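> First the structure, which I've put down as structure tokens, then a few questions once you've had a look.
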Amino acid sequence: MQHIDEQYIVNNFESALDKGYVKAYYQPVIRTLTERICSVEALARWQDPVVGLLSPFLFINVLEKYHLIHKLDLAILDNICVTYNEMRNRGLPLHPFSINLSRLDFDEIDMLDAISKTLAKYDVPSTAIHIEITESVMLDNTAYFRRIFDSFHDAGFAIFMDDFGSGYSSLNVLKDYSFDVLKIDMRFLSDIGIRSKKILASVMNMAKAIGMHTLAEGVETKEQMTFLRNIGCEMLQGFYYSKPMDGDLYIKYLSESKLGVEDPAENHYWNAVGQINFLSPDPLNDLTNEQIESGDYGFIRENSTALALIEQRGEQVELLYKNEAYENGLQRIGFSSVDELIKTINEMDRGYYPDMIEQVDFSIKTGELVKEDHLINGVYFTYYTKCIAETDGKAMLAASIQTYGGDVDKSTNDLFEKYSRMLIDTYDHISVMDPAKNTVITRLYSKFGFSEEYTQLPLDEAIRRFAENEVAECDRERFLQFMEPSTIRERMNKTNHRYFQLPFQYRTQNGEYKMMDTKVIKVFMGPSDIYIFSIEAMSEQVYKAAELLLNAHPELFDFT
């Protein structure tokens with residue numbers, strides 16, 4: 001291990017500052033959900049011409065001992081401002097920088113005043129600077145440091161608690177101070193075994209419960225990144241993405257990096273998204289202080305529910321997160337993966353699944369948790385959506401899905417089956433057809449004495465013969481237009497609904513014709529859409545109203 005006499009550090013420090021031997025190195029912080037750069041930490045490095053690169057572990061403690069640390073921290077801030085302005089002059093996307101402060105900084109000078117003057121000198125906003133404080137800063141004189149932190153907050157600075165877990169009083173510090181971000185000590189990640197995972201998951205759960213955002217440093221492997229993403233850690237930092245680099249290299253890195261930089265104007269948006277607790281059994285409901293004050297601790301459970309985060313831009317959506325339970329739920333309703341669902345949504349017309357689209361639109365409009373039942377591919381499920389963040393042109397939805405199956409839901413399935421059959425009995429005829437394949441799949445249910453011959457014919461021929469034999473002559477042409485299989489998909493897409501509905505007169509078993517309600521309903525989306533053709537009796541009042549309207553305004557019933 002490198003050893004340097006502390007007197008060498010003290011004697012050469014001021015000169016090293018003047019000559020630029022001490023400078024800021026930058027390590028990007030990555031937004032976990034998007035893998036875009038959301039900020040960067042400035043780290044002090046001393047490249048000495050005599051002894052080479054000095055580790056911060058060698059000179060930080062010495063500078064604190066000799067009351068010089070505030071000069072180092074202000075020099076690093078000066079470096080940050082120079083780099084920030086270089087980025088601005090080159091037209092590069094801007095992002096916040098974080099700087100580490102020592103507890104002794106506050107003993108030596110008015111640190112807020114010194115930082116503010118430096119920022120004013122370079123025309124850098126306070127929102128561009130995050131202050132990182134280790135818990136050792138606050139081990140005594142709580143009221144004093146609370147006032148200092150309040151002053152920094154009032155001036156527009158975000159405050160991070162650095163190296164959480166490395167000291168002895170972390171929980172007391174969290175209780176006594178208000179931090180914006182909890183930065184987890186990299187030693188938590190040195191062993192990513194089951195115990196470490198449980199500890200990290202508990203820390204994430206706690207941070208969400210008290211309204212703090214989370215950042216893990218020291219991320220070195222994909223396994224670590226994936227685990228942290230799955231438990232809801234919002235930001236990551238470490239060699240997995242980038243080593244620290246000097247200002248010139250960082251400018252080049254920003255210019256060439258494929259990661260991209262997050263728009264600082266969206267900070268509020270991502271902070272809102274970050275409040276979702278991936279580990280909660282009820283992540284779409286906000287935890288309120290009233291729950292805690294009333295002694296309702298039912299939210300502290302280990303079971304996870306299905307959860308996905310879906311970003312919507314106009315009519316296009318992007319999946320940013322999903323857990324295994326959500327993926328399993330989608331598979332039960334007929335999608336092989338969430339990716340298939342997202343691809344399907346982005347390629348479909350809004351006429352597909354209009355009920356679900358209306359649910360999402362209502363969630364975005366109101367911000368409320370919306371719960372609705374749906375039926376897709378013959379599977380009954382409940383879908384939950386909540387808009388958790390919104391900014392210009394896009395919205396983030398938290399979504400959950402609950403399907404019904406297996407022994408646990410046997411009673412629900414039995415009831416659904418029982419009452420579905422009762423509902424079917426209210427119809428007079430139900431057939432299932434596939435226009436793309438020109439086939440009648442089945443005659444599902446019928447109270448009429450319609451011939452079985454129709455199910456054996458190609459769909460277009462079956463429709464033609466059905467019209468000739470079963471539809472009143474006055475309605476026949478209109479019925480053929482209504483049922484034309486070659487245009488049914490295109491026509492339905494234009495309606496923004498998944499069904500057509502018109503009355504027609506059908507031949508009953510006694511040979512008379514009776515006006516009845518007719519629907520064609522799309523029930524499956526894919527390369528070959530499936531449609532239900534249903535006939536249902538009208539109530540006497542509706543029958544009379546339809547008859548009057550048809551006679552007075554036949555154009556309303558024209559399907560050309």
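In the structure tokens, each chain is lettered A, B, ... as it comes, each chain's residues begin at 1, and ligands are numbered from 1 in order of appearance.
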Please provide as a ChimeraX atom specification all residues within 7 Å of A:Ile388, with the sequence filter that same-chain residues fewer than 3 positions apart are discarded (counting only C-alpha atoms).
/A:272-273,367,396-398
> If you keep N, CA and C atoms, can you produce a file of those selected residues as a tab-separated table (two decimals), in the first residue's frame?

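Final file, again.tsv:
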```tsv
chain	number	residue	atom	x	y	z
A	272	ALA	N	-40.99	11.47	-8.89
A	272	ALA	CA	-42.32	10.91	-8.63
A	272	ALA	C	-42.35	9.42	-8.95
A	273	VAL	N	-41.73	9.04	-10.06
A	273	VAL	CA	-41.66	7.61	-10.41
A	273	VAL	C	-40.92	6.84	-9.32
A	367	GLY	N	-55.18	10.89	-12.36
A	367	GLY	CA	-54.14	10.52	-11.41
A	367	GLY	C	-54.60	9.55	-10.35
A	396	MET	N	-46.13	8.39	-16.85
A	396	MET	CA	-45.69	7.09	-16.33
A	396	MET	C	-46.86	6.44	-15.60
A	397	LEU	N	-47.16	5.21	-16.02
A	397	LEU	CA	-48.23	4.44	-15.39
A	397	LEU	C	-47.65	3.30	-14.59
A	398	ALA	N	-48.13	3.16	-13.37
A	398	ALA	CA	-47.89	1.93	-12.61
A	398	ALA	C	-49.09	1.03	-12.88
```
> Using the chain letters and numbers from this document, which residues of stretch 334-469 of chain A does DSSP assign to alpha helix (DSSP H), as an MDAnalysis selection string?
chainID A and resid 338:347 354:366 410:424 453:456 459:469
> Residues at most 8 Å from A:Thr442, counting only C-alpha atoms, excluding those fewer than 2 positions away in the same chain, as a compact mmCIF listing (two decimals) with C-alpha atoms, in the first residue's frame?

```txt
# COMPACT_ATOMS: atom_id res chain seq x y z
CA SER A 431 -71.55 -17.79 -33.62
CA VAL A 432 -67.77 -17.36 -33.75
CA MET A 433 -66.04 -16.49 -37.02
CA VAL A 440 -67.10 -20.08 -39.28
CA LEU A 444 -71.69 -21.54 -29.88
CA THR A 455 -70.90 -23.74 -40.03
```
> Pull the closest atom pair for each residue of stretch 237-349 of chain A that gets at most 9 Å from stretch 201-204 of chain A, along with the distance in Å to one decimal, counting only C-alpha atoms, ordering rows by chain and then ascending residue number, as a Markdown table.

```
| residue | atom | partner | partner_atom | distance |
| --- | --- | --- | --- | --- |
| A:Asn277 | CA | A:Met204 | CA | 8.1 |
| A:Phe278 | CA | A:Met204 | CA | 9.0 |
| A:Leu279 | CA | A:Ala201 | CA | 7.8 |
```
> For the selection just defined, write its residues with C-alpha atoms to a file, as a PDB file, in the first residue's frame.

```pdb
ATOM      1  CA  ASN A 277     -42.039   0.823  -3.842  1.00  0.00           C
ATOM      2  CA  PHE A 278     -41.311  -2.275  -5.938  1.00  0.00           C
ATOM      3  CA  LEU A 279     -41.289  -4.425  -2.793  1.00  0.00           C
TER       4      LEU A 279
END
```
> Mind checking which residues fall within 7 Å of A:Ile133, counting only C-alpha atoms, ignoring those fewer than 3 positions away in the same chain, and posting them as an MDAnalysis selection string?
chainID A and resid 100:101 137 160:162
> Which residues, written as a ChimeraX atom specification, have at least one atom at most 7 Å from stretch 317-327 of chain A, with only C-alpha atoms counted and residues fewer than 6 positions away on the same chain left out?
/A:33-34,305-311,337-338,342,346,400-401
> Distance atom CA of A:Arg498-atom CA of A:Ile532, one decimal place?
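Atom-to-atom, atom CA of A:Arg498 to atom CA of A:Ile532, that is 10.6 Å.
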> Residues at most 10 Å from A:His153, counting only C-alpha atoms, excluding those fewer than 2 positions away in the same chain, as a VMD selection string?
chain A and resid 126 to 127 131 147 to 151 155 to 159 178 to 180
> Write out as a PyMOL selection string which residues come within 8 Å of stretch 536-539 of chain A when counting only C-alpha atoms, dropping same-chain ones fewer than 2 positions away.
chain A and resi 426-429+515-518+534+541-543
> For the atom pair atom CA of A:Leu200 and atom CA of A:Gly218, what is the interatomic distance in Å to one decimal place?
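Computed distance, atom CA of A:Leu200 to atom CA of A:Gly218, equals 13.3 Å.
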> Just the strand (DSSP E or B) stuff from stretch 158-231 of chain A, please, per backbone DSSP, written as a list in words.
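Assigned to strand (DSSP E or B), within stretch 158-231 of chain A: Ala158, Ile159, Phe160, Met161, Asp162, Asp163, Phe164, Val181, Leu182, Lys183, Ile184, His213, Thr214, Leu215, Ala216 and Glu217 of chain A.
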> What are the closest atom pairs, with distances in Å to one decimal, for each residue of stretch 29-148 of chain A lying within 8 Å of stretch 262-266 of chain A, using only C-alpha atoms, rows by chain and rising residue number, as a Markdown table?

```
| residue | atom | partner | partner_atom | distance |
| --- | --- | --- | --- | --- |
| A:Arg36 | CA | A:Glu262 | CA | 5.9 |
| A:Ile37 | CA | A:Glu262 | CA | 5.8 |
| A:Cys38 | CA | A:Glu262 | CA | 5.1 |
| A:Pro93 | CA | A:Asp263 | CA | 7.5 |
| A:Leu94 | CA | A:Pro264 | CA | 7.3 |
| A:His95 | CA | A:Pro264 | CA | 6.0 |
| A:Pro96 | CA | A:Pro264 | CA | 7.7 |
```
> Please produce an output containing C-alpha atoms for each residue in the selection, written as a CSV table (one decimal), in the first residue's frame.

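Generated output (out-v2.csv):
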```csv
chain,number,residue,atom,x,y,z
A,36,ARG,CA,-29.3,7.3,-18.9
A,37,ILE,CA,-26.9,9.6,-17.0
A,38,CYS,CA,-28.9,11.6,-14.4
A,93,PRO,CA,-26.8,18.3,-22.3
A,94,LEU,CA,-26.4,19.5,-18.7
A,95,HIS,CA,-27.0,17.5,-15.5
A,96,PRO,CA,-26.3,18.0,-11.8
```
> What separation in Å, quoted to one decimal, exists between atom CA of A:Leu63 and atom CA of A:Val10?
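Atom CA of A:Val10 lies at a distance of 7.2 Å from atom CA of A:Leu63.
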> Nearest to A:Thr366: which of A:Ala395, A:Ile424, A:Ile69, A:Val379 is it, counting only C-alpha atoms?
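Comparing A:Ala395, A:Ile424, A:Ile69, A:Val379 against A:Thr366, the winner is A:Ala395.
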> Given only C-alpha atoms as the basis, pick out the residue of A:Tyr531, A:Phe450, A:Phe164, A:Tyr269 nearest to A:Cys387.
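Of the candidates, the smallest distance to A:Cys387 is held by A:Tyr269.
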